[in-house]
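Structure file run.tsv with TSV, C-alpha atoms:
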```tsv
chain	number	residue	atom	x	y	z
A	1	GLU	CA	-42.06	-15.72	34.68
A	2	GLU	CA	-41.95	-19.34	33.56
A	3	THR	CA	-40.00	-21.61	35.84
A	4	GLN	CA	-40.65	-24.67	33.66
A	5	PRO	CA	-40.60	-24.98	29.86
A	6	ALA	CA	-43.83	-24.40	27.97
A	7	THR	CA	-44.53	-28.12	27.50
A	8	LEU	CA	-43.40	-30.21	30.45
A	9	ASN	CA	-40.81	-32.83	29.58
A	10	ILE	CA	-42.22	-36.06	31.00
A	11	PRO	CA	-39.57	-38.81	31.36
A	12	LEU	CA	-41.24	-41.87	29.90
A	13	ALA	CA	-38.87	-44.26	31.63
A	14	ARG	CA	-40.19	-43.21	35.03
A	15	LEU	CA	-43.81	-43.92	34.15
A	16	THR	CA	-45.55	-47.29	34.14
A	17	VAL	CA	-47.83	-47.57	31.13
A	18	SER	CA	-50.33	-50.39	30.81
A	19	TYR	CA	-53.05	-51.07	28.29
A	20	CYS	CA	-56.30	-52.90	28.79
A	21	ARG	CA	-59.67	-53.17	27.15
A	22	SER	CA	-61.98	-50.19	27.26
A	23	SER	CA	-65.54	-50.15	28.50
A	24	GLY	CA	-68.69	-49.18	26.65
A	25	PRO	CA	-70.33	-50.25	23.40
A	26	GLY	CA	-68.40	-51.17	20.32
A	27	GLY	CA	-68.86	-54.83	19.48
A	28	GLN	CA	-65.91	-56.97	18.57
A	29	HIS	CA	-63.48	-54.07	18.39
A	30	VAL	CA	-64.02	-52.93	21.97
A	31	ASN	CA	-64.02	-56.53	23.21
A	32	LYS	CA	-60.73	-57.52	21.72
A	33	VAL	CA	-58.54	-54.48	21.26
A	34	ASN	CA	-56.54	-52.99	24.15
A	35	THR	CA	-57.26	-49.33	23.81
A	36	LYS	CA	-57.50	-48.06	27.37
A	37	ALA	CA	-54.22	-46.55	28.45
A	38	GLU	CA	-53.24	-46.22	32.09
A	39	VAL	CA	-50.24	-44.28	33.34
A	40	ARG	CA	-48.89	-44.63	36.87
A	41	PHE	CA	-45.98	-42.97	38.59
A	42	HIS	CA	-44.84	-42.56	42.17
A	43	LEU	CA	-45.73	-38.97	43.00
A	44	ALA	CA	-43.44	-38.31	45.95
A	45	SER	CA	-40.30	-39.41	44.11
A	46	ALA	CA	-41.12	-37.66	40.81
A	47	ASP	CA	-38.35	-35.05	40.72
A	48	TRP	CA	-39.36	-33.83	37.29
A	49	ILE	CA	-42.20	-32.02	39.04
A	50	PRO	CA	-41.33	-29.10	41.36
A	51	GLU	CA	-41.67	-29.88	45.09
A	52	ALA	CA	-44.47	-27.39	45.78
A	53	ALA	CA	-46.47	-28.71	42.81
A	54	ARG	CA	-46.07	-32.27	44.11
A	55	GLN	CA	-47.59	-31.33	47.47
A	56	LYS	CA	-50.45	-29.51	45.81
A	57	MET	CA	-51.16	-32.41	43.47
A	58	ALA	CA	-51.17	-34.85	46.37
A	59	SER	CA	-53.92	-32.81	48.01
A	60	MET	CA	-55.88	-31.89	44.86
A	61	HIS	CA	-55.98	-35.36	43.35
A	62	ARG	CA	-55.92	-37.46	46.50
A	63	ASN	CA	-58.71	-39.59	45.07
A	64	LYS	CA	-56.44	-40.70	42.25
A	65	ILE	CA	-53.53	-41.76	44.44
A	66	ASN	CA	-53.39	-45.31	45.70
A	67	ARG	CA	-52.01	-46.67	48.96
A	68	ALA	CA	-48.56	-47.14	47.49
A	69	GLY	CA	-48.44	-43.43	46.69
A	70	GLU	CA	-48.78	-43.77	42.90
A	71	LEU	CA	-50.80	-41.24	40.93
A	72	ILE	CA	-52.96	-43.05	38.37
A	73	VAL	CA	-54.21	-41.38	35.20
A	74	ASN	CA	-56.22	-43.32	32.65
A	75	SER	CA	-57.99	-42.53	29.42
A	76	GLU	CA	-60.34	-44.50	27.20
A	77	GLU	CA	-61.78	-41.68	25.12
A	78	SER	CA	-60.26	-42.57	21.78
A	79	ARG	CA	-60.20	-45.66	19.58
A	80	TYR	CA	-56.43	-45.64	19.38
A	81	GLN	CA	-53.95	-46.64	22.07
A	82	MET	CA	-51.50	-43.95	21.03
A	83	ARG	CA	-54.04	-41.20	21.25
A	84	ASN	CA	-55.20	-42.41	24.66
A	85	LEU	CA	-51.61	-42.31	25.84
A	86	ALA	CA	-51.26	-38.79	24.48
A	87	ILE	CA	-54.44	-37.79	26.32
A	88	CYS	CA	-53.04	-39.27	29.58
A	89	LEU	CA	-49.84	-37.27	29.21
A	90	GLU	CA	-51.85	-34.15	28.43
A	91	LYS	CA	-53.89	-34.71	31.61
A	92	ILE	CA	-50.69	-35.02	33.64
A	93	ARG	CA	-49.40	-31.79	32.13
A	94	THR	CA	-52.65	-29.98	32.99
A	95	MET	CA	-52.47	-31.28	36.56
A	96	VAL	CA	-48.92	-30.01	36.97
A	97	MET	CA	-49.84	-26.66	35.44
A	98	GLU	CA	-52.80	-26.26	37.78
A	99	ALA	CA	-50.62	-27.13	40.73
A	100	THR	CA	-47.92	-24.61	39.81
A	101	GLU	CA	-50.13	-21.64	39.08
A	102	LYS	CA	-49.84	-18.89	41.72
A	103	PRO	CA	-52.97	-17.20	43.08
A	104	LYS	CA	-53.51	-13.88	41.40
A	105	VAL	CA	-52.21	-11.03	43.52
A	106	VAL	CA	-54.38	-7.99	43.05
A	107	SER	CA	-52.45	-4.80	43.78
A	108	LYS	CA	-53.70	-2.24	46.27
A	109	GLU	CA	-54.35	0.37	43.58
A	110	THR	CA	-56.53	-2.02	41.61
A	111	THR	CA	-58.65	-2.97	44.64
A	112	GLN	CA	-59.05	0.71	45.53
A	113	LYS	CA	-60.02	1.50	41.98
A	114	LEU	CA	-62.64	-1.22	41.96
A	115	ILE	CA	-64.17	-0.03	45.26
A	116	GLU	CA	-64.24	3.54	43.95
A	117	ARG	CA	-65.98	2.39	40.82
A	118	VAL	CA	-68.70	0.60	42.80
A	119	GLU	CA	-69.27	3.64	45.02
A	120	LYS	CA	-69.47	5.93	42.02
A	121	MET	CA	-72.05	3.67	40.40
A	122	ASN	CA	-74.18	3.70	43.54
A	123	ARG	CA	-73.99	7.50	43.86
A	124	GLU	CA	-75.00	7.95	40.24
A	125	ARG	CA	-77.89	5.51	40.67
A	126	LEU	CA	-79.19	7.41	43.73
A	127	ARG	CA	-78.84	10.75	41.91
A	128	GLN	CA	-80.85	9.48	38.97
A	129	LYS	CA	-83.41	8.07	41.40
A	130	LYS	CA	-83.83	11.49	43.09
A	131	ILE	CA	-84.23	13.23	39.73
A	132	HIS	CA	-86.89	10.73	38.69
A	133	SER	CA	-88.65	11.16	42.03
A	134	ASN	CA	-88.74	14.95	41.53
A	135	ILE	CA	-90.25	14.54	38.07
A	136	LYS	CA	-92.97	12.29	39.43
A	137	GLN	CA	-93.71	14.67	42.31
A	138	SER	CA	-93.90	17.65	40.01
A	139	ARG	CA	-96.71	15.85	38.13
A	140	LYS	CA	-98.78	15.52	41.28
A	141	ALA	CA	-101.57	18.04	41.55
A	142	ASP	CA	-101.72	18.65	45.27
A	143	PHE	CA	-104.39	21.22	46.03
A	144	ASP	CA	-104.21	22.12	49.60
B	1	LYS	CA	-82.20	-73.60	-22.25
B	2	GLU	CA	-83.11	-69.93	-22.25
B	3	LYS	CA	-85.29	-68.48	-19.52
B	4	ARG	CA	-88.85	-68.20	-20.71
B	5	ARG	CA	-91.67	-66.09	-19.31
B	6	GLY	CA	-93.58	-67.83	-16.49
B	7	ARG	CA	-97.01	-69.00	-17.60
B	8	GLY	CA	-98.03	-71.20	-14.68
B	9	ARG	CA	-99.27	-70.38	-11.19
B	10	TYR	CA	-95.86	-69.02	-10.09
B	11	GLY	CA	-95.02	-65.98	-12.19
B	12	GLY	CA	-98.16	-66.36	-14.28
B	13	ARG	CA	-101.82	-65.18	-13.93
B	14	LYS	CA	-101.33	-61.57	-12.62
B	15	CYS	CA	-97.53	-61.80	-13.17
B	16	GLY	CA	-96.66	-60.00	-9.93
B	17	ARG	CA	-98.44	-56.79	-11.05
B	18	GLY	CA	-101.25	-56.75	-8.49
B	19	HIS	CA	-104.98	-56.13	-9.16
B	20	LYS	CA	-106.24	-53.43	-11.54
B	21	GLY	CA	-105.38	-49.77	-11.21
B	22	GLU	CA	-102.26	-47.88	-12.20
B	23	ARG	CA	-100.05	-50.58	-10.71
B	24	GLN	CA	-101.23	-53.34	-13.02
B	25	ARG	CA	-101.65	-51.07	-16.00
B	26	GLY	CA	-98.11	-49.69	-15.69
B	27	ASN	CA	-99.21	-46.05	-15.35
B	28	ARG	CA	-97.83	-45.09	-11.94
B	29	PRO	CA	-96.69	-41.47	-11.53
B	30	ARG	CA	-93.03	-40.47	-11.52
B	31	LEU	CA	-90.65	-41.17	-8.65
B	32	GLY	CA	-91.02	-38.69	-5.79
B	33	PHE	CA	-94.64	-37.77	-6.57
B	34	GLU	CA	-96.74	-37.75	-3.41
B	35	GLY	CA	-100.25	-37.59	-4.85
B	36	GLY	CA	-100.29	-33.80	-5.17
B	37	GLN	CA	-98.80	-32.93	-1.79
B	38	THR	CA	-95.59	-30.91	-2.21
B	39	PRO	CA	-93.02	-33.68	-2.44
B	40	PHE	CA	-90.15	-33.93	0.03
B	41	TYR	CA	-87.49	-33.05	-2.52
B	42	LEU	CA	-89.28	-29.76	-3.36
B	43	ALA	CA	-90.47	-28.84	0.14
B	44	ILE	CA	-86.96	-28.77	1.62
B	45	PRO	CA	-85.16	-25.50	0.75
B	46	LYS	CA	-81.90	-25.58	-1.18
B	47	TYR	CA	-78.64	-25.04	0.69
B	48	GLY	CA	-75.14	-24.98	-0.69
B	49	PHE	CA	-73.93	-28.33	0.65
B	50	ASN	CA	-72.71	-29.45	-2.74
B	51	ASP	CA	-71.61	-26.07	-4.12
B	52	GLY	CA	-68.37	-26.40	-5.97
B	53	HIS	CA	-68.14	-30.14	-5.24
B	54	SER	CA	-66.51	-30.67	-8.59
B	55	LEU	CA	-63.76	-28.23	-7.68
B	56	ARG	CA	-63.00	-29.74	-4.32
B	57	ARG	CA	-59.79	-31.71	-3.92
B	58	GLN	CA	-60.28	-35.34	-2.97
B	59	TYR	CA	-57.72	-37.64	-1.46
B	60	GLN	CA	-58.12	-41.41	-1.48
B	61	PRO	CA	-57.74	-42.67	2.11
B	62	LEU	CA	-55.06	-45.23	2.89
B	63	SER	CA	-55.33	-46.75	6.35
B	64	LEU	CA	-52.29	-47.98	8.25
B	65	GLN	CA	-54.05	-51.32	8.54
B	66	ARG	CA	-54.20	-51.60	4.73
B	67	LEU	CA	-50.57	-50.58	4.46
B	68	GLN	CA	-49.56	-53.22	7.00
B	69	TYR	CA	-51.64	-55.78	5.10
B	70	LEU	CA	-49.91	-54.95	1.82
B	71	ILE	CA	-46.46	-55.12	3.40
B	72	ASP	CA	-47.22	-58.43	5.10
B	73	LEU	CA	-48.43	-59.98	1.88
B	74	GLY	CA	-45.35	-58.74	0.10
B	75	ARG	CA	-47.22	-56.55	-2.38
B	76	VAL	CA	-45.36	-53.46	-1.27
B	77	ASP	CA	-41.61	-53.49	-0.60
B	78	PRO	CA	-40.68	-51.71	2.66
B	79	THR	CA	-36.99	-51.74	1.74
B	80	GLN	CA	-37.61	-49.20	-1.03
B	81	PRO	CA	-39.24	-45.78	-0.65
B	82	ILE	CA	-43.01	-46.20	-0.93
B	83	ASP	CA	-44.53	-43.94	-3.52
B	84	LEU	CA	-47.95	-43.61	-5.14
B	85	THR	CA	-46.58	-45.56	-8.12
B	86	GLN	CA	-45.61	-48.44	-5.82
B	87	LEU	CA	-49.03	-48.41	-4.18
B	88	THR	CA	-50.83	-48.31	-7.54
B	89	ASN	CA	-48.72	-51.13	-8.96
B	90	ALA	CA	-49.51	-53.20	-5.92
B	91	ARG	CA	-53.19	-52.32	-6.45
B	92	GLY	CA	-53.27	-51.11	-2.87
B	93	VAL	CA	-55.14	-47.92	-3.75
B	94	THR	CA	-56.94	-46.79	-6.89
B	95	VAL	CA	-56.59	-43.12	-7.67
B	96	GLN	CA	-58.69	-41.42	-10.34
B	97	PRO	CA	-56.96	-38.16	-11.33
B	98	LEU	CA	-59.89	-37.23	-13.58
B	99	LYS	CA	-62.33	-37.31	-10.67
B	100	ARG	CA	-60.62	-34.45	-8.83
B	101	ASP	CA	-58.42	-36.87	-6.88
B	102	TYR	CA	-55.22	-35.17	-5.87
B	103	GLY	CA	-53.59	-38.21	-4.33
B	104	VAL	CA	-53.64	-40.34	-1.21
B	105	GLN	CA	-54.09	-39.45	2.44
B	106	LEU	CA	-52.90	-41.46	5.43
B	107	VAL	CA	-55.62	-42.45	7.84
B	108	GLU	CA	-55.02	-43.75	11.35
B	109	GLU	CA	-57.28	-46.83	11.16
B	110	GLY	CA	-54.67	-49.47	12.07
B	111	ALA	CA	-52.44	-47.38	14.32
B	112	ASN	CA	-52.52	-49.91	17.16
B	113	ILE	CA	-51.15	-52.80	15.09
B	114	PHE	CA	-48.86	-50.93	12.71
B	115	SER	CA	-45.27	-52.13	12.96
B	116	ALA	CA	-43.33	-51.51	9.78
B	117	LYS	CA	-40.35	-49.26	9.11
B	118	VAL	CA	-41.06	-47.47	5.84
B	119	ASN	CA	-40.17	-44.36	3.92
B	120	ILE	CA	-43.58	-43.29	2.66
B	121	GLU	CA	-44.67	-40.35	0.56
B	122	VAL	CA	-48.32	-39.36	0.48
B	123	GLN	CA	-50.24	-36.19	-0.24
B	124	ARG	CA	-51.86	-35.68	3.16
B	125	ALA	CA	-51.35	-37.34	6.52
B	126	SER	CA	-53.04	-36.98	9.88
B	127	GLU	CA	-51.01	-36.39	13.02
B	128	LEU	CA	-51.62	-39.77	14.63
B	129	ALA	CA	-50.69	-41.56	11.40
B	130	ILE	CA	-47.39	-39.62	11.23
B	131	ALA	CA	-46.74	-40.48	14.89
B	132	ALA	CA	-47.47	-44.17	14.33
B	133	ILE	CA	-45.03	-44.39	11.41
B	134	GLU	CA	-42.26	-42.44	13.13
B	135	LYS	CA	-42.64	-44.53	16.27
B	136	ASN	CA	-41.63	-47.58	14.25
B	137	GLY	CA	-38.63	-45.78	12.85
B	138	GLY	CA	-40.07	-44.71	9.51
B	139	VAL	CA	-40.21	-41.44	7.60
B	140	VAL	CA	-43.30	-39.67	6.27
B	141	THR	CA	-43.34	-36.88	3.71
B	142	THR	CA	-46.29	-35.06	2.21
B	143	SER	CA	-45.87	-33.71	-1.29
B	144	PHE	CA	-48.01	-32.15	-3.96
B	145	TYR	CA	-48.72	-33.50	-7.45
B	146	ASP	CA	-50.74	-31.49	-9.93
B	147	PRO	CA	-53.31	-33.52	-11.90
B	148	ARG	CA	-51.08	-34.06	-14.94
B	149	SER	CA	-48.16	-35.27	-12.81
B	150	LEU	CA	-50.53	-37.42	-10.80
B	151	GLU	CA	-51.79	-39.17	-13.91
B	152	ILE	CA	-48.21	-39.80	-15.02
B	153	LEU	CA	-47.31	-41.07	-11.56
B	154	CYS	CA	-50.22	-43.50	-11.41
B	155	LYS	CA	-49.82	-44.86	-14.94
B	156	PRO	CA	-46.16	-44.46	-15.87
B	157	VAL	CA	-45.98	-47.07	-18.62
B	158	VAL	CA	-48.89	-45.60	-20.56
B	159	PHE	CA	-47.17	-42.20	-20.38
B	160	PHE	CA	-43.82	-43.52	-21.52
B	161	LEU	CA	-45.46	-45.13	-24.52
B	162	ARG	CA	-46.68	-41.71	-25.62
B	163	GLY	CA	-43.12	-40.59	-26.23
B	164	GLN	CA	-43.43	-37.23	-24.49
B	165	PRO	CA	-40.70	-35.85	-22.23
B	166	ILE	CA	-41.37	-36.12	-18.51
B	167	PRO	CA	-42.84	-32.76	-17.42
B	168	LYS	CA	-41.68	-30.95	-14.33
B	169	ARG	CA	-43.99	-31.18	-11.33
B	170	MET	CA	-45.82	-27.95	-10.62
B	171	LEU	CA	-45.67	-26.19	-7.26
B	172	PRO	CA	-48.78	-26.24	-5.06
B	173	PRO	CA	-51.50	-23.58	-5.41
B	174	GLU	CA	-51.76	-20.73	-2.90
B	175	ASP	CA	-54.06	-22.41	-0.42
B	176	LEU	CA	-51.88	-25.51	-0.25
B	177	VAL	CA	-48.51	-23.76	0.03
B	178	ARG	CA	-49.11	-23.20	3.72
B	179	TYR	CA	-49.87	-26.87	4.25
B	180	TYR	CA	-46.78	-28.10	2.44
B	181	THR	CA	-44.39	-25.62	4.06
B	182	ASP	CA	-45.47	-26.66	7.54
B	183	ALA	CA	-43.08	-29.01	9.33
B	184	ARG	CA	-45.91	-30.45	11.42
B	185	ASN	CA	-47.43	-31.96	8.28
B	186	ARG	CA	-43.94	-33.07	7.17
B	187	GLY	CA	-44.38	-31.04	4.00
B	188	TYR	CA	-41.81	-31.46	1.25
B	189	LEU	CA	-41.20	-27.71	1.12
B	190	ALA	CA	-40.63	-27.39	4.86
B	191	ASP	CA	-37.30	-26.67	6.55
B	192	PRO	CA	-35.53	-29.98	7.40
B	193	SER	CA	-34.35	-28.69	10.80
B	194	LYS	CA	-37.92	-27.73	11.67
B	195	VAL	CA	-39.05	-31.20	10.59
B	196	ALA	CA	-36.54	-32.72	13.04
B	197	GLU	CA	-37.92	-30.47	15.79
B	198	ALA	CA	-41.46	-31.46	14.92
B	199	ARG	CA	-40.49	-35.14	15.17
B	200	LEU	CA	-39.22	-34.60	18.72
B	201	GLU	CA	-42.32	-32.65	19.65
B	202	LEU	CA	-44.60	-35.38	18.36
B	203	ALA	CA	-42.61	-37.99	20.29
B	204	LYS	CA	-43.07	-35.98	23.48
B	205	LYS	CA	-46.75	-35.52	22.83
B	206	TYR	CA	-47.55	-39.14	22.07
B	207	GLY	CA	-45.23	-40.59	24.68
B	208	TYR	CA	-42.78	-42.74	22.72
B	209	VAL	CA	-39.02	-42.70	22.42
B	210	LEU	CA	-38.06	-41.39	18.97
B	211	PRO	CA	-35.77	-43.97	17.36
B	212	ASP	CA	-32.61	-42.48	15.89
B	213	ILE	CA	-32.78	-43.17	12.17
B	214	SER	CA	-29.28	-41.88	11.46
B	215	LYS	CA	-27.90	-45.00	13.13
B	216	ASP	CA	-30.15	-47.23	11.10
B	217	GLU	CA	-28.73	-49.47	8.39
B	218	LEU	CA	-31.42	-48.32	5.95
B	219	PHE	CA	-30.72	-44.66	6.70
B	220	LYS	CA	-29.75	-43.90	3.12
B	221	MET	CA	-32.97	-45.34	1.79
B	222	LEU	CA	-35.07	-43.67	4.50
B	223	SER	CA	-33.63	-40.26	3.74
B	224	MET	CA	-34.28	-40.49	-0.01
B	225	ARG	CA	-36.44	-37.57	-0.99
B	226	LYS	CA	-37.67	-36.32	-4.31
B	227	ASP	CA	-36.76	-32.93	-5.69
B	228	PRO	CA	-39.82	-30.58	-5.70
B	229	ARG	CA	-39.84	-30.69	-9.51
B	230	GLN	CA	-39.21	-34.41	-9.86
B	231	ILE	CA	-41.94	-36.97	-10.49
B	232	PHE	CA	-40.03	-40.25	-10.49
B	233	PHE	CA	-37.12	-41.22	-8.30
B	234	GLY	CA	-34.51	-42.10	-10.87
B	235	LEU	CA	-35.70	-39.83	-13.67
B	236	ALA	CA	-35.43	-36.08	-14.05
B	237	PRO	CA	-37.90	-33.80	-15.88
B	238	GLY	CA	-37.15	-33.46	-19.58
B	239	TRP	CA	-36.04	-37.03	-20.21
B	240	ILE	CA	-37.86	-39.31	-22.62
B	241	VAL	CA	-38.09	-43.01	-21.82
B	242	ASN	CA	-38.09	-45.29	-24.86
B	243	MET	CA	-39.83	-48.51	-23.79
B	244	ALA	CA	-39.29	-50.35	-27.06
B	245	ASP	CA	-35.53	-49.84	-27.24
B	246	LYS	CA	-35.09	-49.69	-23.46
B	247	LYS	CA	-33.26	-46.36	-23.71
B	248	ILE	CA	-33.52	-42.97	-22.02
B	249	LEU	CA	-33.08	-39.79	-24.07
B	250	LYS	CA	-31.91	-36.67	-22.31
B	251	PRO	CA	-32.11	-33.12	-23.74
B	252	THR	CA	-28.87	-31.39	-24.68
B	253	ASP	CA	-30.14	-27.99	-25.75
B	254	GLU	CA	-29.18	-25.21	-23.33
B	255	LYS	CA	-32.60	-23.58	-23.23
B	256	LEU	CA	-34.34	-26.87	-22.56
B	257	LEU	CA	-31.91	-27.75	-19.79
B	258	LYS	CA	-32.45	-24.35	-18.21
B	259	TYR	CA	-36.22	-24.76	-18.42
B	260	TYR	CA	-36.27	-28.22	-16.95
B	261	SER	CA	-33.86	-27.52	-14.14
B	262	SER	CA	-35.66	-24.43	-12.83
```
Would you write the structure of this file as structure tokens?
Amino acid sequence: EETQPATLNIPLARLTVSYCRSSGPGGQHVNKVNTKAEVRFHLASADWIPEAARQKMASMHRNKINRAGELIVNSEESRYQMRNLAICLEKIRTMVMEATEKPKVVSKETTQKLIERVEKMNRERLRQKKIHSNIKQSRKADFD
Amino acid sequence: KEKRRGRGRYGGRKCGRGHKGERQRGNRPRLGFEGGQTPFYLAIPKYGFNDGHSLRRQYQPLSLQRLQYLIDLGRVDPTQPIDLTQLTNARGVTVQPLKRDYGVQLVEEGANIFSAKVNIEVQRASELAIAAIEKNGGVVTTSFYDPRSLEILCKPVVFFLRGQPIPKRMLPPEDLVRYYTDARNRGYLADPSKVAEARLELAKKYGYVLPDISKDELFKMLSMRKDPRQIFFGLAPGWIVNMADKKILKPTDEKLLKYYSS
């Protein structure tokens, strides 16, 4: 079941977006044009993210949260400001999705099935080994 | 005074030909010959990189930077719908219908600095370019022109002087139908409601607030669209434009009207 919509609706008014110059090679274009996009928002007060996801994000991405409690996401992969902003938003969406995913609950029947499978494989392997051993012994010429 | 052959120490004596041998005597082997070794252009095996290159559709790129430049200089009028005819008249792009060009494509080169509200119609557009135009409150449409219609669109006056009736624009071939019925590409055959949805989706993806064009003063101009069979904005297929007498002739025969309005 999906508790949130397929693509998370990020309220742009709650985010602080700033642009600055990117790093790396590129000559005059990289020196002058503001293409690096940085998005900040206060994580604890972001009510567009479910409470449990907020806690998880605070622990998963604690390296990206500053002293004031703002989560910072930046991107300088593309030549265009707009695309960098889109990449930032996509990163935020992935973070939220990772934080909301529940650990996979494997049912009892499935675990039992898997254990049975492993045991069966081992039994078969030992059976084949015994057969092979008999073949090799039957080739031995043991004259007592 | 005409240029005469050098006879002195500069340009004279050996005349830049070197000393003896094939070089001086003008008997060098053909281009690509490597003295008997299998030349590069024969050693490398053939591969179909250029197979069917003359059947491939080409689209002249139009960057947003160039478009902004043309608008700033006043060569293209943003208060009227921008069409291929407008771009050609402004000499913004040069399209060669005979060289398998099928129109113009929007490229996102100047997306950072683009700030013009326009109603533009091209043949292909990339996602970022569409987003950049819609962010500034404009409208993008992608439409198809078959080669004959494209030639008429690029050079209207020459066509009108021929005295032939304006033909109806053909529908796209099979492989392009999918492209032009997709709302994400803002195709002219796509569902308008789906186009509105796609606009919202793009705004969410690229992180900008979609400006409401219905409250705009130029809304009527921005929502001007061509009929799928129409080539020019004010003219319908079947009409003949008389340049000398400045008159337009429309067909009255029933069969012709039926044909041209299909």
Could you work out which residues of chain A fall inside 10 Å of chain B? Count only C-alpha atoms, and format the result as a PyMOL selection string. chain A and resi 7-13+17+33-35+79-90
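For the atom pair formed by atom CA of B:Ile120 and atom CA of B:Met221, the distance is 10.8 Å, given to one decimal.
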Between B:Pro165, B:Asp146, B:Pro237, B:Glu127, which one has atoms that come closest to B:Arg199, using all atoms listed in the file? B:Glu127
Excluding same-chain residues fewer than 4 positions from B:Gly238, what lies within 8 Å of it counting only C-alpha atoms, as number ranges by chain? B: 165-168, 250-251, 256-257, 260
I need every residue sitting at most 7 Å from the point (-53.8, -30.4, 3.8) (coordinates as in the file, all atoms listed in the file considered), written as a PyMOL selection string. chain B and resi 124+176+179
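Between A:Arg40 and the candidates A:Met95, A:Met60, A:Leu114, A:Ile65, the tightest atom-to-atom separation, counting all atoms listed in the file, involves A:Ile65.
Considering the residues B:Arg56, B:Arg100, B:Lys247, B:Arg225 and counting only C-alpha atoms, B:Asp83 has its shortest atom-to-atom contact with B:Arg225.
With distances restricted to all atoms listed in the file, B:Asn119 is the closest residue to B:Lys226 from B:Ser63, B:Gln105, B:Asn89, B:Asn119.
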Show which residues sit within 12 Å of A:Pro50, as a list of chain:residue names. Count all atoms listed in the file, and ignore same-chain residues fewer than 5 positions away. A:Thr3, A:Gln4, A:Leu8, A:Leu43, A:Ala44, A:Ser45, A:Gln55, A:Lys56, A:Met57, A:Val96, A:Met97, A:Ala99, A:Thr100, A:Glu101
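Rounded to one decimal, atom CA of B:Ala90 and atom CA of B:Val76 lie 6.2 Å from each other.
A straight line drawn from atom CA of B:Arg186 to atom CA of B:Thr142 is 5.8 Å long.
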Polymer residues at most 12 Å from (-33.6, -42.9, 2.6) by only C-alpha atoms, as a PyMOL selection string: chain B and resi 78-82+117-121+137-141+213-214+216-226+233
Centre and edges of the stretch 210-221 of chain B box, axis-aligned, 4 Å extra per side, as JSON:
```
{"center_x": -33.0, "center_y": -45.4, "center_z": 10.4, "size_x": 18.2, "size_y": 16.1, "size_z": 25.2}
```
Shell around B:Arg178 at 12 Å using only C-alpha atoms, local window under 6 positions removed, as an NGL selection string: :B and (144 or 171-172 or 184-190)
Quick one: residues within 9 Å of stretch 22-26 of chain A, only C-alpha atoms counted, chain neighbours fewer than 3 positions away excluded, as a count of residues only? 11
